[in-house]
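Trainee: Pasting a structure below so you can have a look.
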Amino acid sequence: MKFVLEVTMDDGAVAKDRVAELERILRYWGGNLRHHALEAGDGSAVYDSAYQEVGAWRVVES
């Protein structure tokens, strides 16, 4: 399986401060992983600090 995390860095809070927003996204995303089985098909939207959807993560078959 592959784990894919995609974040659009052109818009919203991520465009204003890429490093700080990516740090925040990864911190919140990592803390939320315990709520998922991490099997193919699992995934969720990713939000910036303004709660705008800026991407998603997903688990896919290799």
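Residues are named by chain letter and number: chains run A, B, ... in the order of the structure tokens, numbers start at 1 in each chain, and ligands are numbered from 1 in the order shown.
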Name the residues in contact with range 19-24 of chain A at a cut-off of 12 Å, using only C-alpha atoms, excluding same-chain residues fewer than 3 positions from it; report them as a ChimeraX atom specification.

Mentor: /A:5-9,11-16,27-31,46-52,54-55

Trainee: Emit the selected residues as a compact mmCIF listing (two decimals), in the first residue's frame, including N, CA, C and O atoms.

Mentor:
# COMPACT_ATOMS: atom_id res chain seq x y z
N LEU A 5 -0.23 12.04 0.68
CA LEU A 5 -0.67 13.29 1.29
C LEU A 5 -0.45 14.38 0.26
O LEU A 5 0.66 14.58 -0.22
N GLU A 6 -1.53 15.06 -0.11
CA GLU A 6 -1.44 16.15 -1.09
C GLU A 6 -1.94 17.43 -0.44
O GLU A 6 -3.02 17.45 0.16
N VAL A 7 -1.16 18.49 -0.57
CA VAL A 7 -1.53 19.79 -0.04
C VAL A 7 -1.30 20.83 -1.12
O VAL A 7 -0.19 20.93 -1.67
N THR A 8 -2.33 21.60 -1.46
CA THR A 8 -2.20 22.69 -2.41
C THR A 8 -1.65 23.89 -1.67
O THR A 8 -2.21 24.31 -0.65
N MET A 9 -0.55 24.43 -2.18
CA MET A 9 0.13 25.51 -1.47
C MET A 9 -0.05 26.86 -2.14
O MET A 9 0.65 27.82 -1.83
N ASP A 11 -3.11 28.61 -2.28
CA ASP A 11 -4.24 29.38 -1.76
C ASP A 11 -4.28 29.38 -0.24
O ASP A 11 -3.62 28.57 0.41
N GLY A 12 -5.10 30.26 0.30
CA GLY A 12 -5.38 30.28 1.73
C GLY A 12 -4.16 30.56 2.59
O GLY A 12 -3.17 31.15 2.16
N ALA A 13 -4.26 30.11 3.84
CA ALA A 13 -3.20 30.36 4.81
C ALA A 13 -1.89 29.69 4.41
O ALA A 13 -0.82 30.19 4.72
N VAL A 14 -1.96 28.58 3.70
CA VAL A 14 -0.74 27.87 3.28
C VAL A 14 0.09 28.74 2.34
O VAL A 14 1.32 28.75 2.42
N ALA A 15 -0.56 29.49 1.48
CA ALA A 15 0.17 30.36 0.55
C ALA A 15 0.89 31.49 1.28
O ALA A 15 1.93 31.95 0.83
N LYS A 16 0.35 31.91 2.43
CA LYS A 16 0.93 33.03 3.17
C LYS A 16 2.14 32.62 4.00
O LYS A 16 3.08 33.39 4.13
N ARG A 27 1.11 18.16 12.10
CA ARG A 27 0.89 17.91 13.52
C ARG A 27 -0.56 17.44 13.76
O ARG A 27 -0.79 16.42 14.43
N TYR A 28 -1.53 18.15 13.21
CA TYR A 28 -2.93 17.76 13.41
C TYR A 28 -3.25 16.46 12.69
O TYR A 28 -3.98 15.61 13.21
N TRP A 29 -2.70 16.29 11.51
CA TRP A 29 -2.92 15.07 10.74
C TRP A 29 -2.35 13.87 11.50
O TRP A 29 -3.01 12.85 11.66
N GLY A 30 -1.14 13.99 12.03
CA GLY A 30 -0.51 12.90 12.78
C GLY A 30 -1.31 12.54 14.03
O GLY A 30 -1.48 11.37 14.36
N GLY A 31 -1.82 13.53 14.72
CA GLY A 31 -2.61 13.27 15.92
C GLY A 31 -3.95 12.62 15.62
O GLY A 31 -4.53 11.94 16.47
N VAL A 46 -7.73 17.61 4.31
CA VAL A 46 -6.71 18.32 5.10
C VAL A 46 -7.08 19.80 5.06
O VAL A 46 -7.40 20.34 4.00
N TYR A 47 -7.03 20.46 6.24
CA TYR A 47 -7.44 21.86 6.34
C TYR A 47 -6.31 22.73 6.86
O TYR A 47 -5.48 22.28 7.65
N ASP A 48 -6.29 24.00 6.42
CA ASP A 48 -5.31 24.94 6.94
C ASP A 48 -5.85 25.57 8.22
O ASP A 48 -6.92 25.20 8.70
N SER A 49 -5.12 26.54 8.78
CA SER A 49 -5.52 27.14 10.06
C SER A 49 -6.78 27.98 9.94
O SER A 49 -7.41 28.30 10.95
N ALA A 50 -7.18 28.33 8.73
CA ALA A 50 -8.42 29.06 8.51
C ALA A 50 -9.57 28.08 8.23
O ALA A 50 -10.65 28.49 7.85
N TYR A 51 -9.30 26.80 8.41
CA TYR A 51 -10.27 25.72 8.19
C TYR A 51 -10.76 25.65 6.74
O TYR A 51 -11.89 25.29 6.48
N GLN A 52 -9.87 26.03 5.82
CA GLN A 52 -10.15 25.88 4.40
C GLN A 52 -9.53 24.57 3.94
O GLN A 52 -8.38 24.26 4.30
N VAL A 54 -7.41 22.29 1.95
CA VAL A 54 -6.24 22.53 1.10
C VAL A 54 -5.65 21.24 0.54
O VAL A 54 -4.62 21.27 -0.14
N GLY A 55 -6.28 20.13 0.81
CA GLY A 55 -5.76 18.87 0.29
C GLY A 55 -6.44 17.69 0.93
O GLY A 55 -7.52 17.80 1.51

Trainee: Assign secondary structure with DSSP using the backbone only, and return the residues of chain A in strand (DSSP E) as a PyMOL selection string.

Mentor: chain A and resi 2-7+43-47+53-60

Trainee: Taking the DSSP secondary structure from the backbone, can you list the residues of chain A that are helix (DSSP H, G or I), as JSON, numbers by chain?

Mentor: {"A": [12, 13, 14, 15, 16, 18, 19, 20, 21, 22, 23, 24, 25, 26, 27, 28, 29, 30, 31, 32, 33, 34, 35]}

Trainee: With distances taken over only C-alpha atoms, which residue among A:Asp10, A:Val59, A:Leu26, A:Val4 lies nearest Asp42 in chain A?

Mentor: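 Checking each of A:Asp10, A:Val59, A:Leu26, A:Val4 against Asp42 in chain A, counting only C-alpha atoms, the winner is A:Val59.
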
Trainee: Can you work out which one of A:Arg18, A:Glu53, A:Glu61, A:Phe3 has the shortest atom-to-atom distance to Leu33 in chain A, counting only C-alpha atoms?

Mentor: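 Going through A:Arg18, A:Glu53, A:Glu61, A:Phe3 one by one, the smallest distance to Leu33 in chain A is for A:Phe3.
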
Trainee: Please report the interatomic distance between CA of Ser44 in chain A and CA of Lys2 in chain A in Å with one decimal.

Mentor: 14.8 Å

Trainee: I'd like to know which of A:Ile25, A:Asp17, A:Gly41, A:His36 is closest to Arg58 in chain A, using only C-alpha atoms.

Mentor: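 So, comparing all the options, the nearest one is A:Gly41.
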